[in-house]
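Data first, discussion second: the structure below is written as structure tokens.
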Amino acid sequence: MEHVVSIQSLEKHYGPLRALGGVSLDVERATVFGLLGQNGAGKTTLVKILLGMLVPTSGSARLLGRPVGSAAARREVGYLPEDHRLPEYHTGPSLLDVYGGLQGLPRQERRNRAAELLDMLGLAGREKLRIRGYSKGMKQRLGLAQALLHRPSVLFLDEPTDGVDPVGRKQIRDLLLAERARGVTIFINSHLLGEVEQVCDRVAILKQGQLALIGTVPEVVGEKATWLVAFDRPVPDDHRWSAARLTPGGAEGLWRLHLDSADGIDRFQEEARGRGFLLRHLERERGTLEETYLALADAGGPSS
Amino acid sequence: MSDLKEISSRDPACRPGPLRSFAAMLRDAWLAFLDARILWLLLAAIVVLFAVALSARVEPQPGGRRYLALAARALSADVAGIDITKDSLADVAGRLDGSLSWIAKAEPVPPATDDGPATTWAVTLARNVVPLVGRLATSTDIENRFGQIPDGRLWTVSEIRETTTGMAAAMGSQTWDMTVAPGPDLLILWPHRFSLFGDSLELTRPEGAPLGLEVFILQKLLANGIGGTILLLVSVVVTAAFVPTMLRKGTLELLLVRPLARWQLIAFTYVAALLFVAGLLGLLILATWLVTGLLTGLWSPGILLALPTLLLFFAMLLSVSVFTGVVTRSAVAAMLVTVASWAVLFIVGLLHMQVVASRIREEKPRPVSVADALRPQSQPVRREQPAAARMPFHTTTVAGVVEAVYAVLPHTEDLDTIVDRQLMRDFAVGGRLRQLMESPDFNWVRGVGLALAHAAAFLIAACVLFSRRDP
């Protein structure tokens, strides 16, 4: 598997403060990778090291097989920082023209690409408006446009949907998934865990500068002891089950199944068959990223 | 949809060469510059001022007989090679040839012509030679020397015929009938009245002032006064925000992620700001040259030297501003420190000039100049005599401190002197100021060198510091 991001034992200290304490992880090509953690957990420090803006105290990191911070690596990177401040004297096209020029895009290409992105991100028709007249959501879209301008191989996005309305969020999610389909690797920092769950293939949770959890979303959130079940016909309210307890599942005909023991699901299926019920739906319930995140935040140590 | 091939960050066409990056920074700085309202206000004020200047009336006053008389007086001494900024009255006296010349008669040609700087004259010149000291002059001598003064040539003799009789020649008296045309430098010294808003605001005495002096003052006022002070001050205010704005959180990251070195961000911003100020100064100075040329017909290009010197001065200030911006990341701090350093340079330069002036006063008596020679008799030249009880300024402790401080600072006065010397030579401006300007204490090579070194030192320090600091 091709690793776009490869980090080994990365540490960063600010004087006595340890912002990162030996983080190691790899991110494969064409994945959306979510980096989660509370404020001060070390997310931004990690991203800034990968972008060459900060020098690590120890450890190593490579981006696209090149040392982080090299001009060759930065040429293929797009970045949207959190709380970015775009120069307000620009219009959208003029800002993209300047950033495109710094990125090395030829003039005609950056103009075409700017027009394409402004259209794609719902900013078409506002070409003459200066950024000081933009709403927060418009600034966020323009920030995303500058990150995508040069068709980077890796995208680092810090809160990409911050301040964007629900329709805009959907547009941005679709755009990111389209970029992933093109082979782009996307690194997302976000506190919007629902969105992370929707778009990320893998997530990592940082806590106090260390990696607390990493894996696919299902791996990270884990499975619960409850199942959701639906029968082929209504179940009388006074029906009692020997191996399980049923409670309403939140939808018509759907029940939540609470099992007494580890082999309870097999015993429950046998009992249902014995009583003449057919199971139309049976699925183990999963946790949510938010539950995992909050549980981790409440726990004491970084790896607990 | 574009017909062009889609280019991604991996394509060879997508290479951020320094020129492309610099062009992008230039565009960014251009838009930041245009966004400054104070700049537009200033430009509007300058346009109004130039319009007022263009509406000025510059009218020649009668002066032919006075200048012919001056040319005749100058025949009594060999003035070739006299430096009016250095040579004293005694030096001139040493060159007297033992003769006395005067204009016996002068009439415009043709007779009804006004007395103006383009008028040709029919002149009768008389000359007496002191026996045993002087010698008789030939017509060729008179033709060559009539109208020649240290600042240039006032008159040229187009026809000359000696009318001396044999008896008179024996007694040392000679006469010539001549036709005298204006020389190339007559217009510069010709008295002109200068007024604004029609004739409602007279800026000269009724008899006028030498045109060159008027142009000198006007050019200094417009280029040095407005360009060198107000425009540069506004430029300091506007450009002080460039680096701190670039370095603020949320903006800096968007630049640092680009594939160019950190020092390039600072250096490109610096050069871009310098180029825009160069453009503004260039326009102002060019406009000054055009306005004075159109008003007076004097097109000496000396004032154009103000562009490189003022720009070099601004380059120095900008380097301080950029350095302070990198250290403090505050536009207000960058502006205040830059203005304060400007004030220090100005005050120290001014005090140093006083030291030099004091030294000159002690070294030489007041020089003779054409301006002095043309001064009406009712306004005798004021002779500066240091009071016996007063200690000359250049010998005081304060002067010693000033000299020591001046030695370690950039010599901005040297830069001013480059332009002032050229203008004074172009427009035959004499007097004490010119003597001061021509003083060897002002050395333009040293001034340019120190200014460049100072600007480079602060800029390099800013680049190094920025490259080593975490954002």
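Residue names in the structure tokens use chain letters A, B, ... in the order shown, residue numbers from 1 in each chain, and ligand numbers from 1 in the order shown.
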Per-residue nearest contacts chain A to chain B, cut-off 8 Å, using only C-alpha atoms, as a tab-separated table:
residue	atom	partner	partner_atom	distance
A:Leu51	CA	B:Val257	CA	6.4
A:Gly52	CA	B:Val257	CA	7.7
A:Met53	CA	B:Leu256	CA	6.7
A:Leu54	CA	B:Asp470	CA	6.0
A:Ser70	CA	B:Pro259	CA	7.9
A:Ala71	CA	B:Pro259	CA	4.6
A:Ala72	CA	B:Pro259	CA	7.1
A:Arg74	CA	B:Pro259	CA	5.3
A:Arg75	CA	B:Pro259	CA	5.3
A:Glu76	CA	B:Ser9	CA	5.3
A:Val77	CA	B:Val257	CA	7.5
A:Gly78	CA	B:Val257	CA	7.6
A:Tyr79	CA	B:Val257	CA	7.0
A:Leu80	CA	B:Leu254	CA	7.4
A:Pro81	CA	B:Gly250	CA	6.5
A:Glu82	CA	B:Gly250	CA	7.1
A:Asp83	CA	B:Gly250	CA	5.8
A:His84	CA	B:Gly250	CA	3.8
A:Arg85	CA	B:Gly250	CA	4.8
A:Leu86	CA	B:Thr251	CA	6.0
A:Pro87	CA	B:Thr251	CA	7.3
A:Tyr89	CA	B:Asp35	CA	6.1
A:His90	CA	B:Leu31	CA	6.9
A:Leu95	CA	B:Asp28	CA	8.0
A:Asp97	CA	B:Ala24	CA	7.5
A:Val98	CA	B:Ala24	CA	4.8
A:Tyr99	CA	B:Ala24	CA	7.2
A:Gly101	CA	B:Ala24	CA	5.1
A:Leu102	CA	B:Ser21	CA	4.5
A:Gln103	CA	B:Pro16	CA	5.6
A:Gly104	CA	B:Pro16	CA	3.5
A:Leu105	CA	B:Cys14	CA	4.8
A:Pro106	CA	B:Cys14	CA	6.7
A:Glu109	CA	B:Ile7	CA	7.1
A:Asn112	CA	B:Ser2	CA	6.3
A:His150	CA	B:Ser9	CA	5.3
A:Arg151	CA	B:Ser8	CA	4.9
A:Pro152	CA	B:Ser9	CA	5.5
A:Ser153	CA	B:Ser9	CA	7.5
May I have the residues within 12 Å of Asp266 (chain A) as a JSON list (two decimals) with N, CA, C and O atoms, in the first residue's frame, using only C-alpha atoms and disregarding those fewer than 6 positions away in the same chain?
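The file below, selection17.json, is the result:
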[["chain", "number", "residue", "atom", "x", "y", "z"],
["A", 243, "ALA", "N", -34.44, -15.25, 26.39],
["A", 243, "ALA", "CA", -33.00, -14.97, 26.19],
["A", 243, "ALA", "C", -32.71, -13.49, 26.03],
["A", 243, "ALA", "O", -31.56, -13.10, 25.94],
["A", 244, "ALA", "N", -33.73, -12.67, 25.95],
["A", 244, "ALA", "CA", -33.47, -11.26, 25.66],
["A", 244, "ALA", "C", -34.61, -10.38, 26.16],
["A", 244, "ALA", "O", -35.66, -10.87, 26.56],
["A", 259, "LEU", "N", -29.44, -8.31, 25.10],
["A", 259, "LEU", "CA", -29.13, -9.72, 25.36],
["A", 259, "LEU", "C", -28.54, -9.90, 26.75],
["A", 259, "LEU", "O", -27.87, -9.00, 27.27],
["A", 260, "ASP", "N", -28.81, -11.07, 27.31],
["A", 260, "ASP", "CA", -28.32, -11.34, 28.66],
["A", 260, "ASP", "C", -26.92, -11.91, 28.65],
["A", 260, "ASP", "O", -26.18, -11.81, 29.63],
["A", 272, "ALA", "N", -37.23, -17.31, 18.52],
["A", 272, "ALA", "CA", -38.13, -16.63, 17.56],
["A", 272, "ALA", "C", -38.67, -17.64, 16.55],
["A", 272, "ALA", "O", -39.86, -17.64, 16.22],
["A", 273, "ARG", "N", -37.76, -18.47, 16.03],
["A", 273, "ARG", "CA", -38.21, -19.49, 15.07],
["A", 273, "ARG", "C", -39.24, -20.40, 15.74],
["A", 273, "ARG", "O", -40.27, -20.75, 15.16],
["A", 282, "LEU", "N", -31.97, -8.03, 11.12],
["A", 282, "LEU", "CA", -31.21, -8.27, 12.35],
["A", 282, "LEU", "C", -29.82, -7.63, 12.16],
["A", 282, "LEU", "O", -29.08, -8.03, 11.27]]
Quick check, in Å to one decimal: how far apart do CA of Pro62 (chain B) and CA of Leu423 (chain B) lie?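 Separation of CA of Pro62 (chain B) and CA of Leu423 (chain B): 25.1 Å.
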Write out as a compact mmCIF listing (two decimals) with all heavy atoms, in the first residue's frame the residues lying within 10 Å of region 107-111 of chain B, counting only C-alpha atoms and excluding same-chain residues fewer than 6 positions away.
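Listing of part10.txt after writing:
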# COMPACT_ATOMS: atom_id res chain seq x y z
N GLY B 64 17.49 93.76 -19.29
CA GLY B 64 18.57 93.68 -20.28
C GLY B 64 19.74 94.58 -19.93
O GLY B 64 20.89 94.14 -19.94
N ARG B 65 19.46 95.82 -19.59
CA ARG B 65 20.55 96.77 -19.33
C ARG B 65 21.36 96.35 -18.11
O ARG B 65 22.56 96.51 -18.05
CB ARG B 65 19.98 98.18 -19.17
CG ARG B 65 19.48 98.76 -20.50
CD ARG B 65 19.05 100.20 -20.42
NE ARG B 65 18.72 100.72 -21.74
CZ ARG B 65 17.56 100.52 -22.36
NH1 ARG B 65 16.59 99.84 -21.76
NH2 ARG B 65 17.35 101.00 -23.58
N THR B 119 15.67 89.23 -26.23
CA THR B 119 15.94 90.45 -27.01
C THR B 119 17.42 90.54 -27.39
O THR B 119 18.30 90.25 -26.58
CB THR B 119 15.56 91.69 -26.17
OG1 THR B 119 14.21 91.52 -25.73
CG2 THR B 119 15.70 92.96 -26.97
N THR B 120 17.65 90.99 -28.63
CA THR B 120 19.01 91.27 -29.09
C THR B 120 19.25 92.77 -28.91
O THR B 120 18.32 93.58 -29.05
CB THR B 120 19.14 90.87 -30.57
OG1 THR B 120 18.86 89.46 -30.68
CG2 THR B 120 20.52 91.16 -31.11
N TRP B 121 20.51 93.10 -28.60
CA TRP B 121 20.81 94.49 -28.27
C TRP B 121 21.92 95.04 -29.17
O TRP B 121 22.86 94.31 -29.52
CB TRP B 121 21.27 94.63 -26.82
CG TRP B 121 20.21 94.28 -25.82
CD1 TRP B 121 19.81 93.06 -25.44
CD2 TRP B 121 19.39 95.21 -25.12
NE1 TRP B 121 18.79 93.11 -24.53
CE2 TRP B 121 18.50 94.45 -24.31
CE3 TRP B 121 19.28 96.61 -25.07
CZ2 TRP B 121 17.55 95.03 -23.47
CZ3 TRP B 121 18.34 97.18 -24.23
CH2 TRP B 121 17.48 96.39 -23.45
N ALA B 122 21.75 96.35 -29.50
CA ALA B 122 22.85 97.09 -30.12
C ALA B 122 23.54 97.83 -28.99
O ALA B 122 22.92 98.64 -28.30
CB ALA B 122 22.31 98.06 -31.16
N VAL B 123 24.81 97.53 -28.78
CA VAL B 123 25.51 98.00 -27.58
C VAL B 123 26.75 98.77 -27.96
O VAL B 123 27.46 98.39 -28.90
CB VAL B 123 25.91 96.78 -26.71
CG1 VAL B 123 26.79 97.19 -25.55
CG2 VAL B 123 24.68 96.06 -26.21
N THR B 124 26.97 99.85 -27.23
CA THR B 124 28.27 100.53 -27.33
C THR B 124 29.01 100.26 -26.03
O THR B 124 28.52 100.60 -24.95
CB THR B 124 28.09 102.03 -27.55
OG1 THR B 124 27.38 102.23 -28.76
CG2 THR B 124 29.44 102.73 -27.63
N THR B 179 26.62 93.97 -31.67
CA THR B 179 25.28 93.39 -31.60
C THR B 179 25.39 92.18 -30.68
O THR B 179 26.21 91.29 -30.92
CB THR B 179 24.77 92.96 -32.98
OG1 THR B 179 24.84 94.10 -33.85
CG2 THR B 179 23.35 92.45 -32.90
N VAL B 180 24.57 92.21 -29.63
CA VAL B 180 24.70 91.18 -28.58
C VAL B 180 23.38 90.41 -28.49
O VAL B 180 22.31 91.00 -28.31
CB VAL B 180 25.02 91.84 -27.23
CG1 VAL B 180 25.06 90.79 -26.13
CG2 VAL B 180 26.33 92.58 -27.29
N ALA B 181 23.50 89.09 -28.61
CA ALA B 181 22.30 88.23 -28.53
C ALA B 181 22.30 87.48 -27.20
O ALA B 181 23.36 87.32 -26.58
CB ALA B 181 22.31 87.25 -29.70
Leaving out Ala115 (chain A) and any residue of its chain fewer than 3 positions from it, which residues lie within 12 Å of it when counting only C-alpha atoms, given as a ChimeraX atom specification? /A:92-97,108-112,118-127,142,145-146,149 /B:1-2
Excluding Gly279 (chain B) and residues on its chain fewer than 5 positions from it, collect all residues at most 10 Å away from it, counting only C-alpha atoms, and give them as a list in words. Ala273, Leu274, Leu284, Ile285, Leu307 and Leu311 of chain B
Pick from B:Leu233, B:Asp78, B:Gln174, B:Pro184 nearest to Ala104 (chain B), counting only C-alpha atoms: B:Gln174
For Ala456 (chain B), find every residue with an atom within 12 Å (counting only C-alpha atoms), except residues of its own chain fewer than 2 positions away, and show them as JSON, numbers by chain. {"B": [267, 270, 271, 312, 315, 316, 317, 318, 319, 320, 322, 323, 449, 450, 451, 452, 453, 454, 458, 459, 460, 461, 462, 463, 464]}
Same residues, N, CA and C atoms, output as a PDB file, in the first residue's frame:
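File produced: out.pdb:
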ATOM      1  N   ALA B 267      11.433  39.123   1.102  1.00  0.00           N
ATOM      2  CA  ALA B 267      12.181  39.898   0.097  1.00  0.00           C
ATOM      3  C   ALA B 267      11.260  40.351  -1.035  1.00  0.00           C
ATOM      4  N   TYR B 270       9.123  43.178   0.113  1.00  0.00           N
ATOM      5  CA  TYR B 270       9.941  44.392   0.208  1.00  0.00           C
ATOM      6  C   TYR B 270      10.121  45.025  -1.170  1.00  0.00           C
ATOM      7  N   VAL B 271      10.526  44.197  -2.131  1.00  0.00           N
ATOM      8  CA  VAL B 271      10.794  44.736  -3.472  1.00  0.00           C
ATOM      9  C   VAL B 271       9.494  45.252  -4.108  1.00  0.00           C
ATOM     10  N   LEU B 312      16.088  55.543  -2.544  1.00  0.00           N
ATOM     11  CA  LEU B 312      17.096  54.917  -1.682  1.00  0.00           C
ATOM     12  C   LEU B 312      16.800  55.240  -0.218  1.00  0.00           C
ATOM     13  N   ALA B 315      13.991  53.104   0.711  1.00  0.00           N
ATOM     14  CA  ALA B 315      14.430  51.704   0.846  1.00  0.00           C
ATOM     15  C   ALA B 315      14.971  51.460   2.249  1.00  0.00           C
ATOM     16  N   MET B 316      15.666  52.462   2.767  1.00  0.00           N
ATOM     17  CA  MET B 316      16.199  52.370   4.119  1.00  0.00           C
ATOM     18  C   MET B 316      15.073  52.306   5.151  1.00  0.00           C
ATOM     19  N   LEU B 317      14.130  53.215   4.999  1.00  0.00           N
ATOM     20  CA  LEU B 317      13.001  53.244   5.939  1.00  0.00           C
ATOM     21  C   LEU B 317      12.204  51.949   5.856  1.00  0.00           C
ATOM     22  N   LEU B 318      12.001  51.481   4.634  1.00  0.00           N
ATOM     23  CA  LEU B 318      11.195  50.269   4.448  1.00  0.00           C
ATOM     24  C   LEU B 318      11.875  49.063   5.091  1.00  0.00           C
ATOM     25  N   SER B 319      13.193  49.026   5.027  1.00  0.00           N
ATOM     26  CA  SER B 319      13.895  47.890   5.640  1.00  0.00           C
ATOM     27  C   SER B 319      13.681  47.906   7.156  1.00  0.00           C
ATOM     28  N   VAL B 320      13.669  49.099   7.740  1.00  0.00           N
ATOM     29  CA  VAL B 320      13.400  49.210   9.186  1.00  0.00           C
ATOM     30  C   VAL B 320      11.969  48.752   9.470  1.00  0.00           C
ATOM     31  N   VAL B 322      10.074  46.709   7.695  1.00  0.00           N
ATOM     32  CA  VAL B 322       9.926  45.260   7.496  1.00  0.00           C
ATOM     33  C   VAL B 322      10.532  44.505   8.688  1.00  0.00           C
ATOM     34  N   PHE B 323      11.696  44.948   9.115  1.00  0.00           N
ATOM     35  CA  PHE B 323      12.346  44.286  10.256  1.00  0.00           C
ATOM     36  C   PHE B 323      11.461  44.390  11.501  1.00  0.00           C
ATOM     37  N   GLY B 449      26.421  54.463  -0.415  1.00  0.00           N
ATOM     38  CA  GLY B 449      26.946  53.209   0.124  1.00  0.00           C
ATOM     39  C   GLY B 449      26.355  52.884   1.485  1.00  0.00           C
ATOM     40  N   LEU B 450      26.319  53.881   2.364  1.00  0.00           N
ATOM     41  CA  LEU B 450      25.786  53.646   3.709  1.00  0.00           C
ATOM     42  C   LEU B 450      24.295  53.319   3.667  1.00  0.00           C
ATOM     43  N   ALA B 451      23.586  54.016   2.798  1.00  0.00           N
ATOM     44  CA  ALA B 451      22.134  53.768   2.702  1.00  0.00           C
ATOM     45  C   ALA B 451      21.879  52.344   2.211  1.00  0.00           C
ATOM     46  N   LEU B 452      22.632  51.917   1.200  1.00  0.00           N
ATOM     47  CA  LEU B 452      22.452  50.559   0.678  1.00  0.00           C
ATOM     48  C   LEU B 452      22.810  49.523   1.749  1.00  0.00           C
ATOM     49  N   ALA B 453      23.914  49.780   2.452  1.00  0.00           N
ATOM     50  CA  ALA B 453      24.351  48.832   3.479  1.00  0.00           C
ATOM     51  C   ALA B 453      23.311  48.734   4.593  1.00  0.00           C
ATOM     52  N   HIS B 454      22.779  49.880   4.976  1.00  0.00           N
ATOM     53  CA  HIS B 454      21.778  49.940   6.046  1.00  0.00           C
ATOM     54  C   HIS B 454      20.513  49.167   5.630  1.00  0.00           C
ATOM     55  N   PHE B 458      19.150  45.499   7.451  1.00  0.00           N
ATOM     56  CA  PHE B 458      17.842  45.293   8.087  1.00  0.00           C
ATOM     57  C   PHE B 458      17.018  44.245   7.333  1.00  0.00           C
ATOM     58  N   LEU B 459      17.111  44.292   6.010  1.00  0.00           N
ATOM     59  CA  LEU B 459      16.331  43.331   5.221  1.00  0.00           C
ATOM     60  C   LEU B 459      16.835  41.911   5.442  1.00  0.00           C
ATOM     61  N   ILE B 460      18.142  41.742   5.424  1.00  0.00           N
ATOM     62  CA  ILE B 460      18.705  40.403   5.640  1.00  0.00           C
ATOM     63  C   ILE B 460      18.356  39.915   7.049  1.00  0.00           C
ATOM     64  N   ALA B 461      18.461  40.807   8.021  1.00  0.00           N
ATOM     65  CA  ALA B 461      18.115  40.422   9.400  1.00  0.00           C
ATOM     66  C   ALA B 461      16.652  39.974   9.463  1.00  0.00           C
ATOM     67  N   ALA B 462      15.779  40.704   8.775  1.00  0.00           N
ATOM     68  CA  ALA B 462      14.352  40.344   8.776  1.00  0.00           C
ATOM     69  C   ALA B 462      14.151  38.974   8.135  1.00  0.00           C
ATOM     70  N   CYS B 463      14.820  38.725   7.023  1.00  0.00           N
ATOM     71  CA  CYS B 463      14.676  37.442   6.312  1.00  0.00           C
ATOM     72  C   CYS B 463      15.184  36.293   7.178  1.00  0.00           C
ATOM     73  N   VAL B 464      16.337  36.492   7.799  1.00  0.00           N
ATOM     74  CA  VAL B 464      16.923  35.418   8.617  1.00  0.00           C
ATOM     75  C   VAL B 464      16.025  35.126   9.815  1.00  0.00           C
TER      76      VAL B 464
END
Just list as JSON, numbers by chain whatever in region 31-191 of chain B DSSP marks as strand (DSSP E or B). {"B": [57, 58, 59, 60, 77, 88, 96, 99, 100, 101, 102, 103, 104, 105, 106, 107, 108, 109, 120, 121, 122, 123, 124, 125, 126, 127, 128, 129, 148, 149, 152, 153, 155, 156, 157, 158, 159, 160, 161, 162, 173, 174, 175, 176, 177, 178, 179, 180, 181, 182, 191]}
Could you pull out all residues of region 22-267 of chain B with a DSSP call of helix (DSSP H, G or I) and give them as a ChimeraX atom specification? /B:22-34,37-54,64-74,89-93,139-145,166-170,186-189,211-240,242-247,252-256,262-267
